[in-house]
file start_29.csv (CSV, C-alpha atoms)
chain,number,residue,atom,x,y,z
Q,22,MET,CA,90.5,119.8,78.0
Q,23,THR,CA,93.5,117.6,78.2
Q,24,GLU,CA,96.5,118.5,80.3
Q,25,ARG,CA,100.0,117.3,79.7
Q,26,THR,CA,102.6,117.3,82.3
Q,27,GLY,CA,106.0,117.6,80.7
Q,28,ASP,CA,108.8,120.1,81.0
Q,29,SER,CA,108.9,122.3,84.0
Q,30,PRO,CA,108.1,125.7,82.3
Q,31,ASP,CA,105.1,124.0,80.6
Q,32,VAL,CA,104.0,122.7,83.9
Q,33,GLU,CA,104.4,126.1,85.6
Q,34,ARG,CA,102.3,127.7,82.8
Q,35,LEU,CA,99.7,125.1,83.1
Q,36,LEU,CA,99.5,125.5,86.8
Q,37,VAL,CA,99.3,129.3,86.6
Q,38,SER,CA,96.4,128.9,84.1
Q,39,PHE,CA,94.4,127.2,86.9
Q,40,ALA,CA,94.9,130.1,89.3
Q,41,PRO,CA,91.7,132.0,88.7
Q,42,ARG,CA,89.4,129.0,89.0
Q,43,VAL,CA,91.2,127.6,92.0
Q,44,TYR,CA,91.1,131.0,93.5
Q,45,GLY,CA,87.3,131.2,92.8
Q,46,LEU,CA,86.7,127.9,94.5
Q,47,LEU,CA,88.8,128.8,97.5
Q,48,LEU,CA,87.2,132.2,97.8
Q,49,ARG,CA,83.7,130.6,97.9
Q,50,MET,CA,84.9,128.1,100.5
Q,51,VAL,CA,86.9,130.3,102.9
Q,52,GLY,CA,85.2,133.7,102.2
Q,53,ARG,CA,88.3,135.8,102.5
Q,54,PRO,CA,90.2,137.0,99.4
Q,55,ASP,CA,93.6,137.2,101.2
Q,56,VAL,CA,93.3,133.6,102.5
Q,57,ALA,CA,92.0,132.4,99.2
Q,58,GLU,CA,95.1,133.9,97.5
Q,59,ASP,CA,97.4,132.2,99.9
Q,60,LEU,CA,95.7,128.9,99.6
Q,61,MET,CA,95.6,129.2,95.8
Q,62,GLN,CA,99.4,129.6,95.7
Q,63,GLU,CA,99.8,126.8,98.2
Q,64,THR,CA,97.6,124.5,96.1
Q,65,LEU,CA,99.5,125.0,92.9
Q,66,LEU,CA,102.8,124.8,94.6
Q,67,ARG,CA,101.9,121.5,96.3
Q,68,ALA,CA,100.6,120.2,93.0
Q,69,PHE,CA,104.0,121.1,91.4
Q,70,ARG,CA,106.0,119.6,94.2
Q,71,SER,CA,104.0,116.4,94.3
Q,72,MET,CA,103.7,116.0,90.6
Q,73,GLY,CA,105.2,112.5,90.9
Q,74,THR,CA,102.3,111.3,93.0
Q,75,TYR,CA,99.8,112.3,90.4
Q,76,ARG,CA,98.1,109.3,88.8
Q,77,PRO,CA,97.8,109.8,85.1
Q,78,GLU,CA,94.6,107.7,85.0
Q,79,GLY,CA,92.8,110.4,87.0
Q,80,LYS,CA,92.0,113.9,85.8
Q,81,PHE,CA,94.8,116.4,86.4
Q,82,ARG,CA,92.3,119.1,87.0
Q,83,ALA,CA,90.4,117.0,89.5
Q,84,TRP,CA,93.6,116.3,91.4
Q,85,ILE,CA,94.4,120.1,91.6
Q,86,PHE,CA,90.9,120.9,92.9
Q,87,ARG,CA,91.1,118.1,95.3
Q,88,ILE,CA,94.2,119.6,96.8
Q,89,ALA,CA,92.5,123.0,97.0
Q,90,VAL,CA,89.5,121.6,98.8
Q,91,ASN,CA,91.7,119.8,101.3
Q,92,LEU,CA,93.6,122.9,102.0
Q,93,ALA,CA,90.4,124.9,102.4
Q,94,ARG,CA,89.0,122.3,104.7
Q,95,ASP,CA,92.1,122.4,106.9
Q,96,TRP,CA,92.0,126.2,107.1
Q,97,ILE,CA,88.3,126.1,108.0
Q,98,ARG,CA,89.0,123.4,110.6
Q,99,ARG,CA,91.8,125.4,112.2
Q,100,ARG,CA,90.2,128.8,112.1
Q,101,PRO,CA,86.4,128.3,111.9
Q,102,ARG,CA,85.6,131.7,113.3
Q,103,GLN,CA,87.7,133.5,110.7
Q,104,ARG,CA,85.3,132.7,107.9
Q,105,ALA,CA,83.8,135.7,106.4
Q,106,PHE,CA,80.6,133.8,105.7
Q,107,ALA,CA,80.3,132.2,109.1
Q,108,LEU,CA,76.6,131.8,109.0
Q,109,GLY,CA,76.3,128.4,110.5
Q,110,ASP,CA,77.3,125.1,109.0
Q,111,ASP,CA,74.2,123.1,109.5
Q,112,GLY,CA,72.5,124.4,106.4
Q,113,ASP,CA,69.1,123.9,108.0
Q,114,GLU,CA,68.2,127.5,108.5
Q,115,THR,CA,65.9,128.8,105.8
Q,116,SER,CA,66.2,132.4,104.6
Q,117,PRO,CA,63.5,134.3,102.7
Q,118,PRO,CA,64.0,134.3,98.9
Q,119,LEU,CA,66.5,136.9,98.0
Q,120,THR,CA,65.2,139.2,95.3
Q,121,PRO,CA,66.6,142.6,94.2
Q,122,ALA,CA,65.1,145.7,95.7
Q,123,ALA,CA,62.4,147.2,93.6
Q,124,ASP,CA,62.8,150.9,94.6
Q,125,SER,CA,66.2,151.4,92.8
Q,126,PRO,CA,66.2,150.6,89.1
Q,127,PRO,CA,69.5,148.8,88.7
Q,128,ASP,CA,71.4,148.4,85.5
Q,129,ALA,CA,72.2,144.9,84.3
Q,130,ASP,CA,75.7,144.9,85.6
Q,131,THR,CA,74.7,146.0,89.1
Q,132,LEU,CA,71.9,143.5,89.1
Q,133,ARG,CA,74.3,140.7,88.1
Q,134,ARG,CA,76.8,141.7,90.8
Q,135,GLU,CA,74.1,141.8,93.4
Q,136,ARG,CA,72.7,138.5,92.4
Q,137,ALA,CA,76.2,137.0,92.6
Q,138,ARG,CA,76.6,138.4,96.1
Q,139,TRP,CA,73.3,136.8,97.2
Q,140,VAL,CA,74.4,133.5,95.7
Q,141,GLU,CA,77.6,133.7,97.6
Q,142,GLN,CA,75.7,134.2,100.8
Q,143,ALA,CA,73.4,131.4,100.0
Q,144,LEU,CA,76.3,129.1,99.2
Q,145,ALA,CA,77.8,130.0,102.5
Q,146,ARG,CA,74.7,128.7,104.3
Q,147,LEU,CA,75.2,125.3,102.8
Q,148,PRO,CA,77.0,122.5,104.7
Q,149,ASN,CA,80.7,122.4,103.8
Q,150,ALA,CA,80.5,119.0,102.1
Q,151,ASP,CA,77.5,120.0,100.0
Q,152,ARG,CA,79.1,123.2,99.0
Q,153,GLU,CA,82.4,121.5,98.0
Q,154,VAL,CA,80.6,119.3,95.5
Q,155,LEU,CA,78.9,122.2,93.8
Q,156,LEU,CA,82.1,124.3,93.7
Q,157,MET,CA,84.2,121.5,92.3
Q,158,ARG,CA,81.5,120.9,89.7
Q,159,TYR,CA,81.3,124.6,88.8
Q,160,TYR,CA,84.9,125.8,89.0
Q,161,GLY,CA,86.6,122.6,88.0
Q,162,ASP,CA,84.2,121.7,85.2
Q,163,LEU,CA,84.2,118.2,86.7
Q,164,THR,CA,81.5,115.7,86.2
Q,165,PHE,CA,80.0,114.2,89.4
Q,166,LYS,CA,81.6,110.9,88.5
Q,167,THR,CA,85.0,112.5,88.4
Q,168,ILE,CA,84.4,114.3,91.7
Q,169,ALA,CA,83.5,111.0,93.2
Q,170,GLN,CA,86.7,109.5,92.0
Q,171,ALA,CA,88.8,112.5,93.1
Q,172,THR,CA,87.3,112.6,96.6
Q,173,GLY,CA,87.0,108.8,97.0
Q,174,GLU,CA,83.4,109.1,97.9
Q,175,PRO,CA,80.6,107.0,96.4
Q,176,LEU,CA,78.9,108.6,93.4
Q,177,GLY,CA,75.5,108.3,95.2
Q,178,THR,CA,76.9,110.3,98.1
Q,179,VAL,CA,78.2,113.0,95.8
Q,180,LEU,CA,74.9,113.2,93.9
Q,181,ALA,CA,72.9,113.3,97.1
Q,182,ARG,CA,75.0,116.3,98.3
Q,183,ALA,CA,74.7,118.0,94.9
Q,184,HIS,CA,70.9,117.4,94.9
Q,185,ARG,CA,70.5,118.8,98.4
Q,186,ALA,CA,72.6,121.9,97.7
Q,187,LEU,CA,71.0,122.6,94.3
Q,188,LYS,CA,67.5,122.3,95.7
Q,189,LYS,CA,68.3,124.7,98.5
Q,190,LEU,CA,69.8,127.2,96.1
Q,191,GLY,CA,66.8,126.7,93.8
Q,192,ASP,CA,64.4,127.4,96.6
Q,193,MET,CA,66.2,130.6,97.4
Q,194,PHE,CA,66.1,131.9,93.8
Q,195,PRO,CA,62.6,131.0,92.5
Q,196,GLY,CA,62.8,133.1,89.4
Q,197,GLU,CA,66.1,131.7,88.0
Q,198,SER,CA,66.1,129.8,84.7
Q,199,HIS,CA,68.9,127.4,83.9
Q,200,GLU,CA,71.2,127.2,80.9
Q,201,PRO,CA,73.0,123.9,80.9
Q,202,MET,CA,76.5,124.0,82.4
Q,203,PRO,CA,79.3,124.0,79.8
R,27,MET,CA,58.8,104.4,82.8
R,28,ASN,CA,56.1,104.3,85.5
R,29,ARG,CA,58.2,104.6,88.7
R,30,CYS,CA,59.8,108.0,89.5
R,31,PRO,CA,63.6,107.8,89.3
R,32,ASP,CA,65.7,108.6,92.2
R,33,ASN,CA,66.1,112.4,92.8
R,34,THR,CA,69.8,112.2,92.4
R,35,GLU,CA,69.3,111.0,88.8
R,36,TRP,CA,67.6,114.3,88.0
R,37,VAL,CA,70.8,116.1,89.0
R,38,LEU,CA,72.6,114.1,86.3
R,39,TYR,CA,69.8,114.8,83.9
R,40,ALA,CA,69.9,118.6,84.6
R,41,THR,CA,73.6,118.7,84.2
R,42,GLY,CA,73.7,116.7,81.0
R,43,GLU,CA,75.5,113.7,82.5
R,44,VAL,CA,73.0,111.0,81.5
R,45,PRO,CA,73.6,108.8,78.5
R,46,LEU,CA,71.4,109.6,75.6
R,47,ARG,CA,69.1,106.6,75.8
R,48,ARG,CA,68.5,107.1,79.5
R,49,ARG,CA,68.0,110.8,78.9
R,50,ARG,CA,65.1,110.0,76.5
R,51,ALA,CA,63.5,107.7,79.0
R,52,LEU,CA,63.7,110.4,81.7
R,53,ALA,CA,62.4,113.1,79.4
R,54,SER,CA,59.4,110.9,78.6
R,55,HIS,CA,58.8,110.4,82.3
R,56,LEU,CA,59.0,114.1,82.9
R,57,GLU,CA,56.2,114.8,80.5
R,58,GLY,CA,53.7,112.9,82.6
R,59,CYS,CA,55.0,113.5,86.1
R,60,GLN,CA,54.4,116.8,87.8
R,61,ALA,CA,56.3,115.9,90.9
R,62,CYS,CA,59.5,115.1,89.0
R,63,HIS,CA,59.0,118.1,86.8
R,64,ARG,CA,59.0,120.3,89.8
R,65,GLU,CA,62.0,118.5,91.1
R,66,VAL,CA,64.0,119.2,87.9
R,67,GLN,CA,62.9,122.8,87.9
R,68,ALA,CA,64.2,123.3,91.4
R,69,ILE,CA,67.5,121.7,90.5
R,70,GLU,CA,67.7,123.9,87.4
R,71,ARG,CA,67.1,127.0,89.4
R,72,GLY,CA,69.9,126.0,91.7
R,73,LEU,CA,72.2,125.6,88.7
R,74,ALA,CA,71.1,128.9,87.3
R,75,ALA,CA,71.9,130.6,90.5
R,76,LEU,CA,75.3,129.1,90.5
R,77,GLU,CA,75.9,130.4,87.0
R,78,THR,CA,75.7,134.0,88.3
R,79,LEU,CA,79.1,133.5,90.0
R,80,ASP,CA,82.1,134.6,88.2
R,81,ARG,CA,83.8,131.4,87.0
R,82,GLU,CA,87.2,133.0,86.8
R,83,PRO,CA,87.3,135.7,89.3
R,84,PRO,CA,90.2,138.1,88.8
R,85,VAL,CA,93.3,137.3,90.8
R,86,ARG,CA,95.5,140.2,91.9
R,87,PRO,CA,98.5,140.5,89.6
R,88,GLN,CA,100.8,140.6,92.7
R,89,ALA,CA,99.4,137.2,93.8
R,90,LEU,CA,99.9,135.8,90.3
R,91,GLU,CA,103.4,137.2,90.2
R,92,MET,CA,104.2,135.7,93.6
R,93,LEU,CA,102.9,132.4,92.4
R,94,ARG,CA,105.1,132.4,89.4
R,95,LYS,CA,108.2,133.2,91.5
R,96,ARG,CA,107.4,130.5,94.0
R,97,LEU,CA,106.9,128.0,91.2
R,98,SER,CA,110.2,129.0,89.7
R,99,VAL,CA,112.0,128.6,93.0
R,100,ALA,CA,110.4,125.2,93.5
R,101,ALA,CA,111.5,124.2,89.9
R,102,ALA,CA,115.1,125.3,90.5
R,103,ARG,CA,115.2,123.4,93.8
R,104,LYS,CA,113.8,120.3,92.1
R,105,ALA,CA,116.4,120.6,89.3
R,106,ALA,CA,119.3,121.1,91.8
R,107,ARG,CA,118.3,118.2,93.9
R,108,PRO,CA,118.2,115.2,91.6
R,109,GLY,CA,117.1,111.8,92.7
R,110,VAL,CA,119.4,109.2,94.4
R,111,LEU,CA,120.1,107.3,91.2
R,112,ALA,CA,121.0,110.5,89.3
R,113,ARG,CA,123.4,111.4,92.1
R,114,VAL,CA,125.0,108.0,92.2
R,115,TYR,CA,125.3,107.7,88.4
R,116,PRO,CA,128.6,109.5,87.9
R,117,TYR,CA,130.3,107.2,90.4
R,118,ARG,CA,128.7,104.0,89.1
R,119,TRP,CA,132.1,102.3,88.3
R,120,ALA,CA,133.5,103.2,91.7
R,121,ALA,CA,130.4,101.9,93.4
R,122,ALA,CA,130.5,98.7,91.4
R,123,ALA,CA,134.2,98.2,92.3
R,124,ALA,CA,133.5,98.8,96.0
R,125,VAL,CA,130.7,96.2,96.0
R,126,ILE,CA,133.0,93.6,94.4
R,127,ILE,CA,135.8,94.3,96.9
R,128,ALA,CA,133.5,94.1,99.8
R,129,VAL,CA,132.1,90.7,98.6
R,130,ALA,CA,135.6,89.4,98.1
R,131,LEU,CA,136.8,90.5,101.5
R,132,ALA,CA,133.8,89.0,103.2
R,133,TYR,CA,134.4,85.7,101.4
R,134,ALA,CA,138.1,85.7,102.5
R,135,LEU,CA,137.6,86.8,106.1
R,136,VAL,CA,134.6,84.8,107.1
R,137,PRO,CA,135.9,81.3,108.3
R,138,SER,CA,134.5,78.4,106.4
R,139,THR,CA,132.6,75.9,108.6
R,140,ASP,CA,132.9,72.2,108.0
R,141,ARG,CA,129.5,70.8,107.9
R,142,PRO,CA,129.0,67.2,109.1
R,143,GLN,CA,129.0,64.7,106.3
R,144,SER,CA,125.8,62.9,105.9
R,145,VAL,CA,126.1,59.2,106.5
R,146,PRO,CA,123.9,56.6,104.9
R,147,GLY,CA,121.6,55.1,107.5
R,148,GLY,CA,122.7,58.0,109.8
R,149,THR,CA,120.5,57.2,112.8
R,150,GLN,CA,121.8,53.6,113.1
R,151,ALA,CA,125.4,54.8,112.7
R,152,ALA,CA,124.9,57.4,115.3
R,153,ARG,CA,123.7,54.8,117.8
R,154,MET,CA,126.7,52.6,117.1
R,155,ASP,CA,129.0,55.5,117.6
R,156,GLU,CA,127.4,56.3,120.9
R,157,ALA,CA,127.9,52.7,122.2
R,158,GLN,CA,131.5,52.7,121.1
R,159,PHE,CA,132.0,56.0,122.8
R,160,GLU,CA,130.6,54.7,126.1
R,161,GLU,CA,133.0,51.7,126.0
R,162,GLU,CA,136.0,53.9,125.5
R,163,ILE,CA,134.9,56.1,128.3
R,164,ALA,CA,134.6,53.1,130.6
R,165,GLU,CA,138.1,51.9,129.7
R,166,ILE,CA,139.5,55.3,130.3
R,167,SER,CA,137.7,55.5,133.7
R,168,THR,CA,139.1,52.2,134.6
R,169,GLU,CA,142.6,53.2,133.8
R,170,ILE,CA,142.3,56.4,135.8
R,171,GLU,CA,141.0,54.6,138.8
R,172,MET,CA,143.9,52.1,138.6
R,173,LEU,CA,146.3,54.9,138.5
R,174,GLU,CA,144.6,56.6,141.5
R,175,LEU,CA,144.7,53.4,143.5
R,176,GLY,CA,148.3,52.9,142.6
R,177,ALA,CA,149.1,56.4,143.9
R,178,LEU,CA,147.1,55.8,147.1
R,179,ALA,CA,148.9,52.5,147.7
R,180,THR,CA,152.2,54.2,147.3
R,181,LEU,CA,151.2,56.8,149.9
R,182,TRP,CA,149.9,54.0,152.2
R,183,GLU,CA,153.1,52.1,151.9
R,184,GLY,CA,155.2,55.1,152.5
R,185,GLY,CA,153.3,56.0,155.6
R,186,ASN,CA,153.5,52.4,157.0
R,187,GLY,CA,149.8,52.2,156.7
R,188,SER,CA,149.4,51.4,160.4
R,189,ASN,CA,148.4,54.7,161.7
R,190,GLY,CA,144.8,54.1,160.7
R,191,THR,CA,144.6,57.2,158.5
R,192,VAL,CA,144.0,55.2,155.4
R,193,PRO,CA,141.1,52.7,155.5
R,194,GLU,CA,141.7,49.1,154.5
R,195,SER,CA,138.9,49.2,151.9
R,196,ILE,CA,136.4,51.6,150.5
R,197,ASN,CA,133.1,50.3,149.3
R,198,GLY,CA,134.4,46.7,149.6
R,199,GLU,CA,137.4,47.4,147.5
R,200,SER,CA,140.8,47.2,148.9
R,201,ARG,CA,142.9,50.4,148.8
R,202,ARG,CA,145.8,48.2,147.6
R,203,PRO,CA,145.6,47.9,143.9
R,204,TRP,CA,147.1,44.4,143.8
R,205,ASP,CA,144.2,43.1,145.9
R,206,ASN,CA,141.8,44.3,143.3
R,207,PHE,CA,143.6,43.1,140.3
R,208,GLY,CA,141.5,40.8,138.3
R,209,ARG,CA,138.2,41.9,139.9
R,210,GLU,CA,135.4,43.3,137.9
R,211,ILE,CA,135.1,47.0,138.4
R,212,SER,CA,131.7,48.5,138.0
R,213,VAL,CA,131.6,51.5,135.9
R,214,PRO,CA,128.8,54.0,136.7
R,215,GLY,CA,126.3,54.0,133.9

call {"tool": "encode", "arguments": {"input": "start_29.csv", "output": "structure tokens"}}
result
Amino acid sequence: MTERTGDSPDVERLLVSFAPRVYGLLLRMVGRPDVAEDLMQETLLRAFRSMGTYRPEGKFRAWIFRIAVNLARDWIRRRPRQRAFALGDDGDETSPPLTPAADSPPDADTLRRERARWVEQALARLPNADREVLLMRYYGDLTFKTIAQATGEPLGTVLARAHRALKKLGDMFPGESHEPMP
Amino acid sequence: MNRCPDNTEWVLYATGEVPLRRRRALASHLEGCQACHREVQAIERGLAALETLDREPPVRPQALEMLRKRLSVAAARKAARPGVLARVYPYRWAAAAAVIIAVALAYALVPSTDRPQSVPGGTQAARMDEAQFEEEIAEISTEIEMLELGALATLWEGGNGSNGTVPESINGESRRPWDNFGREISVPG
């Protein structure tokens, strides 16, 4: 996907089109829908206001998600106890594998929702830096190389975080099978 | 490939971010390496778990509407507040005239300073000037002293010179100028 930054209405439309994904990333980072909404608006407004500082050689999308991650980090730093998923940030605690309860036969939709909820909780157990990498990859459709460029971190560091986070998620969900990310 | 690749490379492999040639090499390694195979499976399970999340979760329409309004306000402000050059542009001729007048005034009002002319062989010339200057100073000093002595002599004559208030000589020189006339007067160096 290529993004062009031209006239103001086009830019506004483009930014609004990012809203759901930015909101998704923020929701998984801060754990509160109201805060995620506020931060999503703030992210896209900041992107609009500082459009002049955007470097065309970078990916516009990566730039937006970088703003979102920074805002979420600031919010978490200021109000760490407000996180809905405040389950500890060390990521060392191991939880038993989360599997659906067998006594109630769920339909596919319920099962999917439940599984998503477990994944959210598992994500919340990850260290912030590891979680950020996965969320930028997933919601921003960014390659790890692009994430490294956007965050200014070495590719090796980004990959190490992704590896650690994915392994933990994988250990929590032993029965999952993977379809390649789009 | 005999050596197991770094685990982080399996992340790139599982997410499809490895170049094709490298991907083939990694795949061939996977066929014979159980440890790496387990590693890749764990990573893929993690990716699959991630896929269960809604990639575009619904945003409340009110929040989207609020976002649109805030963006419109920001756009209006941006349009109403053009950059410095855009603001100056309508007055560009007046600004240019003001600059020209300011430069002309500065040129007219600031006094010009005469710089010393450079002299060929400047150091030698400066030494000669200094010697000449000292000579002139010595002559002027002599004249001043003569005048002073003349004035003192007049005073001495007028006061009969016998009351002892004026000495006969100072430092071996007579206070009467005519006594000293023709003597060499030392000029302090």

call {"tool": "atom_distance", "arguments": {"input": "start_29.csv", "atom1": "atom CA of R:Glu91", "atom2": "atom CA of Q:Gln62"}}
result
10.2 Å

call {"tool": "closest_atom_pairs", "arguments": {"input": "start_29.csv", "of": "chain R", "to": "chain Q", "cutoff": "9 Å", "atoms": "only C-alpha atoms", "output": "tab-separated table"}}
result
residue	atom	partner	partner_atom	distance
R:Asn33	CA	Q:His184	CA	7.2
R:Thr34	CA	Q:Leu180	CA	5.4
R:Glu35	CA	Q:Leu180	CA	7.9
R:Trp36	CA	Q:His184	CA	8.3
R:Val37	CA	Q:His184	CA	6.0
R:Leu38	CA	Q:Leu180	CA	8.0
R:Ala40	CA	Q:Pro201	CA	7.2
R:Thr41	CA	Q:Pro201	CA	6.2
R:Gly42	CA	Q:Pro201	CA	7.2
R:Glu43	CA	Q:Thr164	CA	7.3
R:Glu65	CA	Q:Lys188	CA	8.1
R:Gln67	CA	Q:Gly191	CA	8.1
R:Ala68	CA	Q:Gly191	CA	4.9
R:Ile69	CA	Q:Lys188	CA	5.2
R:Glu70	CA	Q:His199	CA	5.1
R:Arg71	CA	Q:Gly191	CA	4.4
R:Gly72	CA	Q:Gly191	CA	3.8
R:Leu73	CA	Q:His199	CA	6.1
R:Ala74	CA	Q:His199	CA	4.3
R:Ala75	CA	Q:Glu197	CA	6.4
R:Leu76	CA	Q:Val140	CA	6.9
R:Glu77	CA	Q:Met202	CA	7.9
R:Thr78	CA	Q:Ala137	CA	5.3
R:Leu79	CA	Q:Ala137	CA	5.2
R:Asp80	CA	Q:Gly45	CA	7.7
R:Arg81	CA	Q:Tyr160	CA	6.0
R:Glu82	CA	Q:Pro41	CA	5.0
R:Pro83	CA	Q:Gly45	CA	5.7
R:Pro84	CA	Q:Pro41	CA	6.3
R:Val85	CA	Q:Pro41	CA	5.9
R:Arg86	CA	Q:Glu58	CA	8.4
R:Ala89	CA	Q:Glu58	CA	6.6
R:Leu90	CA	Q:Val37	CA	7.5
R:Met92	CA	Q:Gln62	CA	8.0
R:Leu93	CA	Q:Gln62	CA	5.6
R:Arg94	CA	Q:Val37	CA	7.1
R:Arg96	CA	Q:Leu66	CA	7.3
R:Leu97	CA	Q:Leu66	CA	6.2
R:Ser98	CA	Q:Glu33	CA	7.7
R:Ala100	CA	Q:Arg70	CA	7.2
R:Ala101	CA	Q:Ser29	CA	6.7
R:Lys104	CA	Q:Arg70	CA	8.1

call {"tool": "write_last_selection", "arguments": {"input": "start_29.csv", "atoms": "C-alpha atoms", "output": "PDB file, in the frame of the given file"}}
result
ATOM      1  CA  ASN R  33      66.100 112.400  92.800  1.00  0.00           C
ATOM      2  CA  THR R  34      69.800 112.200  92.400  1.00  0.00           C
ATOM      3  CA  GLU R  35      69.300 111.000  88.800  1.00  0.00           C
ATOM      4  CA  TRP R  36      67.600 114.300  88.000  1.00  0.00           C
ATOM      5  CA  VAL R  37      70.800 116.100  89.000  1.00  0.00           C
ATOM      6  CA  LEU R  38      72.600 114.100  86.300  1.00  0.00           C
ATOM      7  CA  ALA R  40      69.900 118.600  84.600  1.00  0.00           C
ATOM      8  CA  THR R  41      73.600 118.700  84.200  1.00  0.00           C
ATOM      9  CA  GLY R  42      73.700 116.700  81.000  1.00  0.00           C
ATOM     10  CA  GLU R  43      75.500 113.700  82.500  1.00  0.00           C
ATOM     11  CA  GLU R  65      62.000 118.500  91.100  1.00  0.00           C
ATOM     12  CA  GLN R  67      62.900 122.800  87.900  1.00  0.00           C
ATOM     13  CA  ALA R  68      64.200 123.300  91.400  1.00  0.00           C
ATOM     14  CA  ILE R  69      67.500 121.700  90.500  1.00  0.00           C
ATOM     15  CA  GLU R  70      67.700 123.900  87.400  1.00  0.00           C
ATOM     16  CA  ARG R  71      67.100 127.000  89.400  1.00  0.00           C
ATOM     17  CA  GLY R  72      69.900 126.000  91.700  1.00  0.00           C
ATOM     18  CA  LEU R  73      72.200 125.600  88.700  1.00  0.00           C
ATOM     19  CA  ALA R  74      71.100 128.900  87.300  1.00  0.00           C
ATOM     20  CA  ALA R  75      71.900 130.600  90.500  1.00  0.00           C
ATOM     21  CA  LEU R  76      75.300 129.100  90.500  1.00  0.00           C
ATOM     22  CA  GLU R  77      75.900 130.400  87.000  1.00  0.00           C
ATOM     23  CA  THR R  78      75.700 134.000  88.300  1.00  0.00           C
ATOM     24  CA  LEU R  79      79.100 133.500  90.000  1.00  0.00           C
ATOM     25  CA  ASP R  80      82.100 134.600  88.200  1.00  0.00           C
ATOM     26  CA  ARG R  81      83.800 131.400  87.000  1.00  0.00           C
ATOM     27  CA  GLU R  82      87.200 133.000  86.800  1.00  0.00           C
ATOM     28  CA  PRO R  83      87.300 135.700  89.300  1.00  0.00           C
ATOM     29  CA  PRO R  84      90.200 138.100  88.800  1.00  0.00           C
ATOM     30  CA  VAL R  85      93.300 137.300  90.800  1.00  0.00           C
ATOM     31  CA  ARG R  86      95.500 140.200  91.900  1.00  0.00           C
ATOM     32  CA  ALA R  89      99.400 137.200  93.800  1.00  0.00           C
ATOM     33  CA  LEU R  90      99.900 135.800  90.300  1.00  0.00           C
ATOM     34  CA  MET R  92     104.200 135.700  93.600  1.00  0.00           C
ATOM     35  CA  LEU R  93     102.900 132.400  92.400  1.00  0.00           C
ATOM     36  CA  ARG R  94     105.100 132.400  89.400  1.00  0.00           C
ATOM     37  CA  ARG R  96     107.400 130.500  94.000  1.00  0.00           C
ATOM     38  CA  LEU R  97     106.900 128.000  91.200  1.00  0.00           C
ATOM     39  CA  SER R  98     110.200 129.000  89.700  1.00  0.00           C
ATOM     40  CA  ALA R 100     110.400 125.200  93.500  1.00  0.00           C
ATOM     41  CA  ALA R 101     111.500 124.200  89.900  1.00  0.00           C
ATOM     42  CA  LYS R 104     113.800 120.300  92.100  1.00  0.00           C
TER      43      LYS R 104
END

call {"tool": "atom_distance", "arguments": {"input": "start_29.csv", "atom1": "atom CA of R:Ala132", "atom2": "atom CA of R:Trp119"}}
result
20.0 Å

call {"tool": "residues_near_point", "arguments": {"input": "start_29.csv", "point": "(83.0, 121.2, 103.3)", "cutoff": "12 Å", "atoms": "only C-alpha atoms", "output": "ChimeraX atom specification"}}
result
/Q:46-47,49-51,87,89-98,101,110-112,144-157,172,182,186

call {"tool": "atom_distance", "arguments": {"input": "start_29.csv", "atom1": "atom CA of R:Glu160", "atom2": "atom CA of R:Gly176"}}
result
24.3 Å

call {"tool": "decode", "arguments": {"input": "start_29.csv", "residues": "stretch 44-53 of chain Q", "atoms": "N, CA and C atoms", "output": "compact mmCIF listing (two decimals), in the first residue's frame"}}
result
# COMPACT_ATOMS: atom_id res chain seq x y z
N TYR Q 44 -6.29 2.28 16.51
CA TYR Q 44 -7.09 2.03 17.72
C TYR Q 44 -6.80 0.61 18.23
N GLY Q 45 -6.73 -0.35 17.33
CA GLY Q 45 -6.45 -1.74 17.72
C GLY Q 45 -5.12 -1.86 18.44
N LEU Q 46 -4.10 -1.24 17.87
CA LEU Q 46 -2.78 -1.29 18.51
C LEU Q 46 -2.82 -0.65 19.89
N LEU Q 47 -3.47 0.51 19.96
CA LEU Q 47 -3.50 1.23 21.23
C LEU Q 47 -4.31 0.47 22.27
N LEU Q 48 -5.39 -0.15 21.82
CA LEU Q 48 -6.22 -0.91 22.75
C LEU Q 48 -5.41 -2.05 23.37
N ARG Q 49 -4.59 -2.72 22.53
CA ARG Q 49 -3.78 -3.83 23.07
C ARG Q 49 -2.65 -3.32 23.94
N MET Q 50 -2.27 -2.06 23.75
CA MET Q 50 -1.19 -1.53 24.56
C MET Q 50 -1.67 -0.97 25.89
N VAL Q 51 -2.78 -0.23 25.87
CA VAL Q 51 -3.20 0.42 27.12
C VAL Q 51 -4.33 -0.35 27.80
N GLY Q 52 -5.04 -1.18 27.05
CA GLY Q 52 -6.05 -2.04 27.65
C GLY Q 52 -7.35 -1.36 28.01
N ARG Q 53 -7.52 -0.11 27.63
CA ARG Q 53 -8.77 0.60 27.96
C ARG Q 53 -9.32 1.25 26.70
